[in-house]
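Source file: final-v3.tsv; contents: TSV, C-alpha atoms.
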chain	number	residue	atom	x	y	z
A	1	MET	CA	-11.42	21.56	2.87
A	2	ARG	CA	-8.22	22.92	4.20
A	3	SER	CA	-9.47	24.28	7.45
A	4	HIS	CA	-6.81	24.79	10.04
A	5	GLN	CA	-9.16	23.89	12.86
A	6	SER	CA	-9.26	20.60	14.62
A	7	PRO	CA	-12.57	20.03	16.32
A	8	ARG	CA	-11.38	17.54	18.84
A	9	ASN	CA	-8.37	16.58	20.78
A	10	GLY	CA	-6.41	19.68	21.31
A	11	ASP	CA	-4.93	21.11	18.20
A	12	ALA	CA	-4.38	24.15	20.35
A	13	ALA	CA	-2.21	22.11	22.67
A	14	SER	CA	-0.22	20.73	19.79
A	15	VAL	CA	0.64	24.24	18.71
A	16	THR	CA	1.37	25.80	22.06
A	17	VAL	CA	3.15	22.87	23.66
A	18	MET	CA	5.98	21.14	21.86
A	19	PRO	CA	4.69	17.60	21.50
A	20	SER	CA	6.61	14.40	20.95
A	21	PRO	CA	7.66	13.44	17.41
A	22	LEU	CA	4.77	10.96	17.33
A	23	GLY	CA	2.36	13.62	18.45
A	24	LEU	CA	1.71	11.90	21.75
A	25	ASP	CA	-0.82	14.07	23.52
A	26	LEU	CA	-3.19	11.97	25.52
A	27	SER	CA	-4.48	14.55	27.96
A	28	PRO	CA	-8.30	14.26	28.04
A	29	ARG	CA	-10.30	17.40	27.42
A	30	PRO	CA	-13.93	18.11	26.62
A	31	PRO	CA	-14.70	17.81	22.92
A	32	PHE	CA	-15.24	21.14	21.25
A	33	GLN	CA	-16.67	20.91	17.75
A	34	SER	CA	-19.12	22.60	15.46
A	35	THR	CA	-22.21	20.63	14.44
A	36	LEU	CA	-20.94	20.47	10.87
A	37	SER	CA	-17.60	19.02	11.93
A	38	LEU	CA	-19.34	16.52	14.18
A	39	GLN	CA	-21.54	15.43	11.31
A	40	LYS	CA	-18.57	15.04	8.98
A	41	LEU	CA	-16.70	13.13	11.64
A	42	ARG	CA	-19.59	10.77	12.20
A	43	ARG	CA	-19.87	10.18	8.46
A	44	LEU	CA	-16.16	9.39	8.26
A	45	ASN	CA	-16.46	6.92	11.12
A	46	TYR	CA	-19.43	5.23	9.46
A	47	LEU	CA	-17.51	5.06	6.19
A	48	ALA	CA	-14.62	3.34	7.99
A	49	LEU	CA	-17.10	0.92	9.59
A	50	LEU	CA	-18.64	0.17	6.20
A	51	LEU	CA	-15.25	-0.51	4.61
A	52	ARG	CA	-14.33	-2.86	7.46
A	53	LEU	CA	-17.64	-4.67	7.13
A	54	ALA	CA	-17.21	-5.12	3.38
A	55	SER	CA	-13.63	-6.32	3.80
A	56	PHE	CA	-14.76	-8.78	6.49
A	57	CYS	CA	-17.63	-10.17	4.39
A	58	PHE	CA	-15.51	-10.70	1.28
A	59	SER	CA	-12.55	-12.25	3.10
A	60	VAL	CA	-14.78	-14.61	5.08
A	61	ALA	CA	-16.57	-15.61	1.87
A	62	SER	CA	-13.22	-16.15	0.13
A	63	ALA	CA	-11.84	-18.31	2.95
A	64	ILE	CA	-15.03	-20.41	3.10
A	65	PHE	CA	-15.15	-20.85	-0.68
A	66	MET	CA	-11.54	-21.98	-0.73
A	67	ALA	CA	-11.91	-24.29	2.27
A	68	ALA	CA	-15.00	-25.90	0.74
A	69	ASP	CA	-13.24	-26.46	-2.58
A	70	TYR	CA	-13.05	-30.24	-2.63
A	71	HIS	CA	-11.55	-31.95	-5.61
A	72	GLY	CA	-13.41	-35.20	-5.37
A	73	PRO	CA	-12.74	-38.53	-3.68
A	74	ARG	CA	-10.56	-39.93	-6.47
A	75	SER	CA	-7.87	-37.27	-6.40
A	76	ALA	CA	-5.42	-36.62	-3.59
A	77	SER	CA	-4.86	-33.09	-4.82
A	78	THR	CA	-7.24	-30.66	-3.09
A	79	TRP	CA	-6.79	-26.95	-2.45
A	80	TYR	CA	-4.82	-27.91	0.65
A	81	HIS	CA	-2.10	-29.54	-1.47
A	82	LEU	CA	-1.65	-26.51	-3.73
A	83	ASP	CA	0.57	-23.93	-2.03
A	84	ALA	CA	-0.95	-20.84	-3.63
A	85	TYR	CA	-4.53	-21.83	-2.76
A	86	ARG	CA	-3.47	-22.58	0.80
A	87	TYR	CA	-1.93	-19.09	0.90
A	88	VAL	CA	-5.20	-17.57	-0.39
A	89	PHE	CA	-7.13	-19.37	2.35
A	90	ALA	CA	-4.69	-18.40	5.12
A	91	ALA	CA	-4.47	-14.75	4.06
A	92	ASN	CA	-8.24	-14.37	3.85
A	93	ALA	CA	-8.78	-16.16	7.15
A	94	ILE	CA	-6.28	-13.84	8.88
A	95	VAL	CA	-7.80	-10.75	7.29
A	96	SER	CA	-11.32	-11.80	8.27
A	97	LEU	CA	-10.26	-12.19	11.92
A	98	TYR	CA	-8.48	-8.84	11.81
A	99	SER	CA	-11.47	-7.17	10.15
A	100	LEU	CA	-13.76	-8.58	12.82
A	101	PHE	CA	-11.56	-7.07	15.50
A	102	GLU	CA	-11.43	-3.75	13.65
A	103	LEU	CA	-15.22	-3.82	13.26
A	104	ALA	CA	-15.51	-4.11	17.04
A	105	VAL	CA	-13.00	-1.26	17.43
A	106	SER	CA	-14.99	0.90	15.00
A	107	VAL	CA	-18.29	0.24	16.79
A	108	TRP	CA	-16.60	1.03	20.10
A	109	GLU	CA	-15.19	4.27	18.69
A	110	ILE	CA	-18.55	5.37	17.31
A	111	SER	CA	-20.49	4.52	20.46
A	112	MET	CA	-17.95	5.64	23.09
A	113	ASN	CA	-16.39	8.47	21.05
A	114	ALA	CA	-12.94	7.25	22.05
A	115	THR	CA	-10.44	4.68	20.81
A	116	LEU	CA	-10.25	1.23	22.39
A	117	LEU	CA	-6.47	1.34	22.83
A	118	PRO	CA	-4.66	4.60	23.66
A	119	GLU	CA	-4.94	6.89	20.64
A	120	VAL	CA	-1.28	6.81	19.62
A	121	LEU	CA	-1.25	3.01	19.75
A	122	GLN	CA	-4.58	2.67	17.97
A	123	VAL	CA	-3.74	4.80	14.93
A	124	TRP	CA	-0.37	3.11	14.40
A	125	PHE	CA	-1.85	-0.36	15.02
A	126	ASP	CA	-4.64	0.22	12.49
A	127	PHE	CA	-2.38	1.67	9.82
A	128	GLY	CA	0.43	-0.86	10.22
A	129	HIS	CA	-1.90	-3.84	10.07
A	130	ASP	CA	-3.99	-2.41	7.23
A	131	GLN	CA	-0.86	-1.82	5.17
A	132	VAL	CA	0.69	-5.23	5.78
A	133	PHE	CA	-2.57	-7.14	5.33
A	134	ALA	CA	-3.48	-5.23	2.15
A	135	TYR	CA	-0.14	-6.21	0.61
A	136	MET	CA	-0.63	-9.77	1.88
A	137	LEU	CA	-4.10	-10.06	0.31
A	138	MET	CA	-2.81	-8.68	-2.99
A	139	SER	CA	0.09	-11.12	-2.86
A	140	ALA	CA	-2.16	-14.10	-2.05
A	141	GLY	CA	-4.66	-13.17	-4.75
A	142	SER	CA	-1.92	-12.84	-7.37
A	143	ALA	CA	-0.32	-16.14	-6.39
A	144	GLY	CA	-3.74	-17.83	-6.52
A	145	ALA	CA	-4.50	-16.30	-9.91
A	146	ALA	CA	-1.11	-17.38	-11.27
A	147	LEU	CA	-1.73	-20.96	-10.12
A	148	SER	CA	-5.22	-20.91	-11.63
A	149	ARG	CA	-3.76	-19.84	-14.97
A	150	THR	CA	-1.15	-22.59	-14.81
A	151	LEU	CA	-3.79	-25.19	-14.00
A	152	LYS	CA	-5.89	-24.12	-16.95
A	153	SER	CA	-2.99	-23.62	-19.32
A	154	PRO	CA	-3.22	-25.68	-22.52
A	155	ALA	CA	0.57	-26.17	-22.58
A	156	PRO	CA	1.74	-29.77	-22.55
A	157	ALA	CA	2.71	-31.41	-19.28
A	158	THR	CA	0.85	-29.07	-16.94
A	159	GLU	CA	-1.63	-29.83	-14.20
A	160	SER	CA	-4.45	-29.11	-16.62
A	161	ASP	CA	-5.96	-32.52	-15.94
A	162	ILE	CA	-7.23	-31.17	-12.61
A	163	CYS	CA	-9.32	-28.55	-14.34
A	164	SER	CA	-10.44	-30.75	-17.18
A	165	SER	CA	-11.50	-33.65	-14.97
A	166	ARG	CA	-13.41	-31.55	-12.48
A	167	SER	CA	-13.84	-28.00	-13.65
A	168	SER	CA	-16.02	-26.98	-10.68
A	169	PHE	CA	-12.88	-27.22	-8.55
A	170	CYS	CA	-11.14	-24.58	-10.67
A	171	ILE	CA	-14.20	-22.35	-10.93
A	172	GLN	CA	-14.69	-22.40	-7.16
A	173	ALA	CA	-11.00	-21.60	-6.61
A	174	ASP	CA	-11.29	-18.69	-9.06
A	175	ILE	CA	-14.30	-17.35	-7.18
A	176	ALA	CA	-12.37	-17.56	-3.90
A	177	VAL	CA	-9.46	-15.63	-5.47
A	178	ALA	CA	-11.83	-12.99	-6.86
A	179	LEU	CA	-13.51	-12.56	-3.47
A	180	GLY	CA	-10.06	-12.13	-1.96
A	181	PHE	CA	-9.33	-9.33	-4.44
A	182	ALA	CA	-12.63	-7.65	-3.52
A	183	SER	CA	-11.66	-7.83	0.15
A	184	PHE	CA	-8.27	-6.35	-0.74
A	185	MET	CA	-9.96	-3.41	-2.44
A	186	PHE	CA	-11.93	-2.46	0.66
A	187	LEU	CA	-8.95	-3.07	2.92
A	188	GLY	CA	-6.89	-0.83	0.63
A	189	PHE	CA	-9.38	2.01	1.10
A	190	SER	CA	-9.36	1.39	4.86
A	191	CYS	CA	-5.58	1.61	4.70
A	192	LEU	CA	-5.77	5.03	3.02
A	193	LEU	CA	-8.14	6.23	5.72
A	194	SER	CA	-6.04	4.91	8.60
A	195	GLY	CA	-2.89	6.28	6.95
A	196	PHE	CA	-4.50	9.70	6.87
A	197	ARG	CA	-5.37	9.36	10.56
A	198	VAL	CA	-1.74	8.55	11.35
A	199	ALA	CA	-0.57	11.60	9.38
A	200	CYS	CA	-3.16	13.77	11.21
A	201	PHE	CA	-1.89	12.40	14.47
A	202	ILE	CA	1.76	13.13	13.64
A	203	ILE	CA	1.01	16.63	12.40
A	204	ARG	CA	-1.71	17.77	14.78
A	205	GLY	CA	-1.54	15.44	17.74
A	206	SER	CA	-5.08	14.24	17.07
A	207	ARG	CA	-6.45	11.59	14.76
A	208	PHE	CA	-9.09	14.05	13.50
A	209	HIS	CA	-8.58	16.42	10.63
A	210	LEU	CA	-11.99	18.03	10.52
B	1	MET	CA	9.26	21.75	15.04
B	2	ARG	CA	5.66	22.33	14.10
B	3	SER	CA	5.90	25.78	12.69
B	4	HIS	CA	2.94	26.91	10.65
B	5	GLN	CA	5.18	28.35	7.98
B	6	SER	CA	5.76	26.52	4.79
B	7	PRO	CA	9.31	26.92	3.59
B	8	ARG	CA	8.31	26.86	-0.01
B	9	ASN	CA	4.81	26.64	-1.27
B	10	GLY	CA	3.76	26.68	-4.87
B	11	ASP	CA	0.13	26.53	-3.78
B	12	ALA	CA	0.37	29.61	-1.62
B	13	ALA	CA	-2.88	31.07	-2.96
B	14	SER	CA	-4.93	28.33	-1.39
B	15	VAL	CA	-3.40	29.09	1.98
B	16	THR	CA	-3.93	32.81	1.92
B	17	VAL	CA	-7.67	32.40	1.32
B	18	MET	CA	-8.13	30.40	4.49
B	19	PRO	CA	-6.75	32.32	7.45
B	20	SER	CA	-5.70	30.35	10.45
B	21	PRO	CA	-7.86	30.55	13.58
B	22	LEU	CA	-4.76	31.27	15.57
B	23	GLY	CA	-4.30	34.48	13.65
B	24	LEU	CA	-1.21	33.26	11.87
B	25	ASP	CA	-0.53	35.09	8.67
B	26	LEU	CA	0.14	32.49	5.98
B	27	SER	CA	0.60	34.83	3.05
B	28	PRO	CA	3.57	34.01	0.83
B	29	ARG	CA	6.78	35.25	2.26
B	30	PRO	CA	10.44	34.64	1.69
B	31	PRO	CA	11.47	31.32	3.18
B	32	PHE	CA	12.02	31.62	6.89
B	33	GLN	CA	13.21	28.51	8.64
B	34	SER	CA	15.51	27.53	11.38
B	35	THR	CA	18.74	25.89	10.28
B	36	LEU	CA	17.53	22.71	12.01
B	37	SER	CA	14.32	22.56	9.97
B	38	LEU	CA	16.21	23.21	6.76
B	39	GLN	CA	18.65	20.46	7.59
B	40	LYS	CA	15.85	18.01	8.37
B	41	LEU	CA	14.06	18.94	5.16
B	42	ARG	CA	17.18	18.40	3.10
B	43	ARG	CA	17.74	15.05	4.76
B	44	LEU	CA	14.15	14.01	3.99
B	45	ASN	CA	14.58	15.00	0.34
B	46	TYR	CA	17.82	13.04	0.10
B	47	LEU	CA	16.13	10.04	1.73
B	48	ALA	CA	13.38	10.18	-0.91
B	49	LEU	CA	16.02	10.41	-3.64
B	50	LEU	CA	17.86	7.41	-2.19
B	51	LEU	CA	14.67	5.33	-2.04
B	52	ARG	CA	13.87	6.19	-5.67
B	53	LEU	CA	17.39	5.29	-6.73
B	54	ALA	CA	17.27	1.94	-4.94
B	55	SER	CA	13.85	1.16	-6.40
B	56	PHE	CA	15.10	2.06	-9.88
B	57	CYS	CA	18.23	-0.07	-9.62
B	58	PHE	CA	16.41	-3.16	-8.37
B	59	SER	CA	13.55	-2.93	-10.87
B	60	VAL	CA	15.93	-2.40	-13.80
B	61	ALA	CA	18.02	-5.35	-12.64
B	62	SER	CA	14.90	-7.48	-12.28
B	63	ALA	CA	13.60	-6.60	-15.76
B	64	ILE	CA	17.03	-7.28	-17.35
B	65	PHE	CA	17.45	-10.58	-15.49
B	66	MET	CA	14.01	-11.70	-16.62
B	67	ALA	CA	14.47	-10.56	-20.22
B	68	ALA	CA	17.82	-12.33	-20.43
B	69	ASP	CA	16.36	-15.57	-19.09
B	70	TYR	CA	16.63	-17.77	-22.14
B	71	HIS	CA	15.57	-21.37	-21.89
B	72	GLY	CA	17.81	-22.77	-24.57
B	73	PRO	CA	17.44	-23.34	-28.30
B	74	ARG	CA	15.65	-26.67	-27.98
B	75	SER	CA	12.66	-25.45	-26.01
B	76	ALA	CA	9.95	-23.15	-27.27
B	77	SER	CA	9.04	-22.21	-23.71
B	78	THR	CA	10.98	-19.11	-22.59
B	79	TRP	CA	10.03	-16.54	-19.97
B	80	TYR	CA	8.00	-14.84	-22.66
B	81	HIS	CA	5.65	-17.79	-22.95
B	82	LEU	CA	4.98	-17.98	-19.21
B	83	ASP	CA	2.34	-15.38	-18.23
B	84	ALA	CA	3.56	-14.75	-14.70
B	85	TYR	CA	7.17	-14.15	-15.77
B	86	ARG	CA	5.99	-11.82	-18.51
B	87	TYR	CA	4.02	-9.96	-15.84
B	88	VAL	CA	7.15	-9.71	-13.66
B	89	PHE	CA	9.12	-8.27	-16.58
B	90	ALA	CA	6.40	-5.79	-17.55
B	91	ALA	CA	5.79	-4.59	-13.99
B	92	ASN	CA	9.49	-4.07	-13.32
B	93	ALA	CA	10.04	-2.34	-16.65
B	94	ILE	CA	7.16	0.07	-15.93
B	95	VAL	CA	8.39	0.73	-12.38
B	96	SER	CA	11.93	1.36	-13.59
B	97	LEU	CA	10.70	3.97	-16.08
B	98	TYR	CA	8.53	5.57	-13.42
B	99	SER	CA	11.39	5.55	-10.91
B	100	LEU	CA	13.67	7.19	-13.45
B	101	PHE	CA	11.13	9.97	-13.91
B	102	GLU	CA	10.71	10.34	-10.16
B	103	LEU	CA	14.50	10.44	-9.75
B	104	ALA	CA	14.59	13.39	-12.15
B	105	VAL	CA	11.72	15.02	-10.23
B	106	SER	CA	13.58	14.53	-6.94
B	107	VAL	CA	16.81	15.99	-8.31
B	108	TRP	CA	14.83	18.94	-9.69
B	109	GLU	CA	13.13	19.46	-6.32
B	110	ILE	CA	16.41	19.40	-4.43
B	111	SER	CA	18.24	21.69	-6.81
B	112	MET	CA	15.44	24.16	-7.59
B	113	ASN	CA	13.67	23.93	-4.22
B	114	ALA	CA	10.33	23.61	-6.03
B	115	THR	CA	8.23	20.84	-7.53
B	116	LEU	CA	8.37	20.12	-11.27
B	117	LEU	CA	4.57	20.07	-11.66
B	118	PRO	CA	2.31	22.40	-9.62
B	119	GLU	CA	2.53	21.28	-6.00
B	120	VAL	CA	-1.02	19.93	-5.67
B	121	LEU	CA	-0.61	17.87	-8.83
B	122	GLN	CA	2.86	16.66	-7.89
B	123	VAL	CA	1.98	15.31	-4.45
B	124	TRP	CA	-1.11	13.48	-5.72
B	125	PHE	CA	0.72	12.20	-8.81
B	126	ASP	CA	3.56	10.82	-6.70
B	127	PHE	CA	1.34	9.20	-4.12
B	128	GLY	CA	-1.17	7.72	-6.59
B	129	HIS	CA	1.51	6.19	-8.77
B	130	ASP	CA	3.59	4.96	-5.83
B	131	GLN	CA	0.54	3.25	-4.35
B	132	VAL	CA	-0.60	1.59	-7.58
B	133	PHE	CA	2.89	0.53	-8.66
B	134	ALA	CA	3.77	-0.83	-5.21
B	135	TYR	CA	0.68	-3.07	-5.33
B	136	MET	CA	1.52	-4.00	-8.92
B	137	LEU	CA	5.09	-5.01	-8.03
B	138	MET	CA	3.86	-7.06	-5.08
B	139	SER	CA	1.28	-8.71	-7.31
B	140	ALA	CA	3.82	-9.48	-10.06
B	141	GLY	CA	6.35	-10.82	-7.58
B	142	SER	CA	3.78	-13.11	-5.98
B	143	ALA	CA	2.55	-14.39	-9.32
B	144	GLY	CA	6.14	-15.05	-10.40
B	145	ALA	CA	6.93	-16.83	-7.14
B	146	ALA	CA	3.79	-18.96	-7.47
B	147	LEU	CA	4.77	-19.99	-10.98
B	148	SER	CA	8.32	-20.76	-9.85
B	149	ARG	CA	6.97	-23.04	-7.15
B	150	THR	CA	4.70	-24.80	-9.64
B	151	LEU	CA	7.60	-25.31	-12.05
B	152	LYS	CA	9.73	-26.83	-9.33
B	153	SER	CA	6.94	-28.83	-7.74
B	154	PRO	CA	7.64	-32.58	-7.57
B	155	ALA	CA	3.96	-33.37	-8.15
B	156	PRO	CA	3.24	-35.52	-11.20
B	157	ALA	CA	2.25	-33.89	-14.47
B	158	THR	CA	3.69	-30.45	-13.80
B	159	GLU	CA	6.04	-28.36	-15.87
B	160	SER	CA	8.89	-29.53	-13.68
B	161	ASP	CA	10.77	-30.75	-16.75
B	162	ILE	CA	11.66	-27.12	-17.50
B	163	CYS	CA	13.49	-26.77	-14.21
B	164	SER	CA	15.07	-30.20	-14.29
B	165	SER	CA	16.35	-29.92	-17.85
B	166	ARG	CA	17.81	-26.46	-17.47
B	167	SER	CA	17.87	-25.35	-13.87
B	168	SER	CA	19.72	-22.09	-14.62
B	169	PHE	CA	16.48	-20.88	-16.25
B	170	CYS	CA	14.57	-21.32	-13.01
B	171	ILE	CA	17.33	-19.88	-10.86
B	172	GLN	CA	17.59	-16.78	-13.03
B	173	ALA	CA	13.80	-16.34	-12.94
B	174	ASP	CA	13.89	-16.65	-9.14
B	175	ILE	CA	16.58	-13.98	-8.95
B	176	ALA	CA	14.47	-11.67	-11.14
B	177	VAL	CA	11.46	-12.22	-8.86
B	178	ALA	CA	13.57	-11.55	-5.75
B	179	LEU	CA	14.98	-8.33	-7.27
B	180	GLY	CA	11.40	-7.28	-8.01
B	181	PHE	CA	10.49	-7.79	-4.34
B	182	ALA	CA	13.49	-5.67	-3.30
B	183	SER	CA	12.31	-2.93	-5.64
B	184	PHE	CA	8.83	-3.22	-4.13
B	185	MET	CA	10.26	-2.73	-0.64
B	186	PHE	CA	11.89	0.59	-1.55
B	187	LEU	CA	8.86	1.70	-3.55
B	188	GLY	CA	6.68	0.86	-0.54
B	189	PHE	CA	8.77	3.17	1.66
B	190	SER	CA	8.60	5.87	-1.03
B	191	CYS	CA	4.84	5.41	-0.99
B	192	LEU	CA	4.72	6.01	2.78
B	193	LEU	CA	6.75	9.19	2.34
B	194	SER	CA	4.65	10.51	-0.54
B	195	GLY	CA	1.46	9.55	1.32
B	196	PHE	CA	2.64	11.65	4.23
B	197	ARG	CA	3.30	14.56	1.89
B	198	VAL	CA	-0.25	14.29	0.55
B	199	ALA	CA	-1.63	14.31	4.09
B	200	CYS	CA	0.53	17.34	4.93
B	201	PHE	CA	-0.78	19.04	1.84
B	202	ILE	CA	-4.42	18.31	2.72
B	203	ILE	CA	-4.02	19.42	6.32
B	204	ARG	CA	-1.61	22.34	6.03
B	205	GLY	CA	-1.69	23.38	2.40
B	206	SER	CA	1.99	22.59	2.01
B	207	ARG	CA	3.86	19.38	1.35
B	208	PHE	CA	6.22	20.10	4.22
B	209	HIS	CA	5.62	19.04	7.77
B	210	LEU	CA	8.78	20.35	9.35

Can you turn what I pasted into C-alpha cells?
Amino acid sequence: MRSHQSPRNGDAASVTVMPSPLGLDLSPRPPFQSTLSLQKLRRLNYLALLLRLASFCFSVASAIFMAADYHGPRSASTWYHLDAYRYVFAANAIVSLYSLFELAVSVWEISMNATLLPEVLQVWFDFGHDQVFAYMLMSAGSAGAALSRTLKSPAPATESDICSSRSSFCIQADIAVALGFASFMFLGFSCLLSGFRVACFIIRGSRFHL
Amino acid sequence: MRSHQSPRNGDAASVTVMPSPLGLDLSPRPPFQSTLSLQKLRRLNYLALLLRLASFCFSVASAIFMAADYHGPRSASTWYHLDAYRYVFAANAIVSLYSLFELAVSVWEISMNATLLPEVLQVWFDFGHDQVFAYMLMSAGSAGAALSRTLKSPAPATESDICSSRSSFCIQADIAVALGFASFMFLGFSCLLSGFRVACFIIRGSRFHL
C-alpha cells in the first residue's frame, strides 16, 4: 500500500529537481508503469467516473422532483415561494451541471490518459469545487429538511395547513431533499478522492499515487 | 523541501519494511532536519493549534448563546422545543468537546513532539472526526438558518408571532447560528490540514510533508 513508486508523471523528477510548492511539473514524458499499477489506476479512474455518475443522477432527480412539486391551483405557495426548497433546487441544479462537466472530464481522462486542463489546474479545480459543492449540498439538504419539519409540525400557528391540505406536495419535497442527500454522499466520496489527488500532486508532483 | 526523511515517526516499522526504490534508507534514526524544515513544521503545528482554538471558542460561544436563549415565561416555546435550534446546540456542544480534546492533542504533539495515540490511528481519527463534524456543523447551521427564516417570514400562518412578540429571542438564535458557522469555517480548515496529513501518511508513511 505504501509503495514509494509513482508509475506515471515523474516522481523521479520531483525528487531530483526542486519543484514548486504546488508541485508544478508539467514536462511530458512517456508513461512508465507496471501492469498492476496500470490496472489499479484504471480501476480508480472508473471508480471516480462511477461516483460522478451517481452524483449526477441523484442531483438531477432531486432538482426535477423539486421543480415538479406543484402545490395545486388554489394555493399561491409552491416550492418556489419557500426559500429552503428553492435553495435545494438551485444547489442540486448547480451540482448536476458540475457533475456533468466532471463526467466529461473523467471520460476524457480515461480515454486520452491525460487531464483536460493542465494537471495542476485540474486537480485544484476538481478538489475546490467538490469541497464547496459538497458543503453546499449538505447545507441545502439540511435547510430543506428543517423546512419540511416545520411544515409538518403539529405546533399551533405553523404552515402545517400546506401539508394537511395537500400532503403529496410535502412528500414530493421530502423525496427531493432525500435525493439531494444521496447526491451529497457520492459527491463527498468524490471530494475525498480528488483531495487525495491534490495531496499526491503537492507531495509527488503527480496526481497518481500508485 | 521534499526530503524523504521523517522528522519523527511513530510508525517507523511500516517504513523500514518497504525500502525506497531510490535506495533511500528509511530506518528510524535520530531526527535530522534543516532548521528551515523544523521552523516550517513548528509553524504548521501552531497553525493547527490556532484553528482548533478558534473552532473551540466559536462553538462554545454558539452552544452557550443557544442554551441561554429563553423565550420568556409566558411562552412554552423555547429553543428547546424547536428541533433545528436544538440541533444547533447539540452540534456545537459536541464540536466544542471534540475541539477541546484536539486542543489537548495538539499541545501534547507540540510539547512532546509525538502523537498522543499511535500515529496511524491519530491521523485517521483526526481526519475522520474533522470531516464528519464539519459536515454536521454546516448541516446544523443551515437547519437553524432555515428555521430562523421561517420564524421571521411575513407569510400568513407562520410562527412569526414568536419573533414579533420577543425579537431578542430570534436575534440571539441568529447569533448562535452565525457563531456555529464561524466554528465550521475553522473546523473546515482543520479538516483540510488533517486530510493532508492522512495523505502524507498514506504516501510517505509519515504525517509530515516537509

What lies within 10 Å of Val60 of chain A using only C-alpha atoms, ignoring chain neighbours under 2 positions off, as number ranges by chain?
A: 54-58, 62-66, 89, 92-97, 99-100, 176, 179-180, 183

Atom CA of Ile110 of chain A to atom CA of Ala134 of chain A, straight-line distance in Å
23.9 Å

Selected residue, from A:Ser206, A:Ser167, A:Ser153, A:Ser139, that lies nearest to chain B when counting all atoms listed in the file
A:Ser139

Selected residue of minimal separation from Ala48 of chain B among B:Gly205, B:Gly128, B:Gly188, B:Gly141, counting only C-alpha atoms:
B:Gly188

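Coordinates place atom CA of Leu147 of chain A at a distance of 10.5 Å from atom CA of Leu151 of chain B.
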
Using atom CA of Phe201 of chain A and atom CA of Gln122 of chain A as the two end points, give the distance in Å to one decimal.
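Separation of atom CA of Phe201 of chain A and atom CA of Gln122 of chain A: 10.7 Å.
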
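With distances taken over all atoms listed in the file, A:Ser142 is the one residue among A:Ser142, A:Gln39, A:Asn113, A:Ser106 lying closest to Val88 of chain B.
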
Pick out the closest residue to chain B from this set: A:Phe125, A:Ala84, A:Trp108, A:Phe133. Count only C-alpha atoms.
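With only C-alpha atoms as the atom set, the closest residue is A:Ala84.
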
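Each of A:Tyr85, A:Tyr98, A:Phe186, A:Phe169 was checked against chain B using only C-alpha atoms; the smallest atom-to-atom distance is that of A:Tyr85.
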
Please determine, counting all atoms listed in the file, which residue among A:Asp174, A:Leu187, A:Tyr135, A:Ile202 has the shortest atom-to-atom distance to Arg149 of chain A.
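Looking only at the distances to Arg149 of chain A, the closest residue turns out to be A:Asp174.
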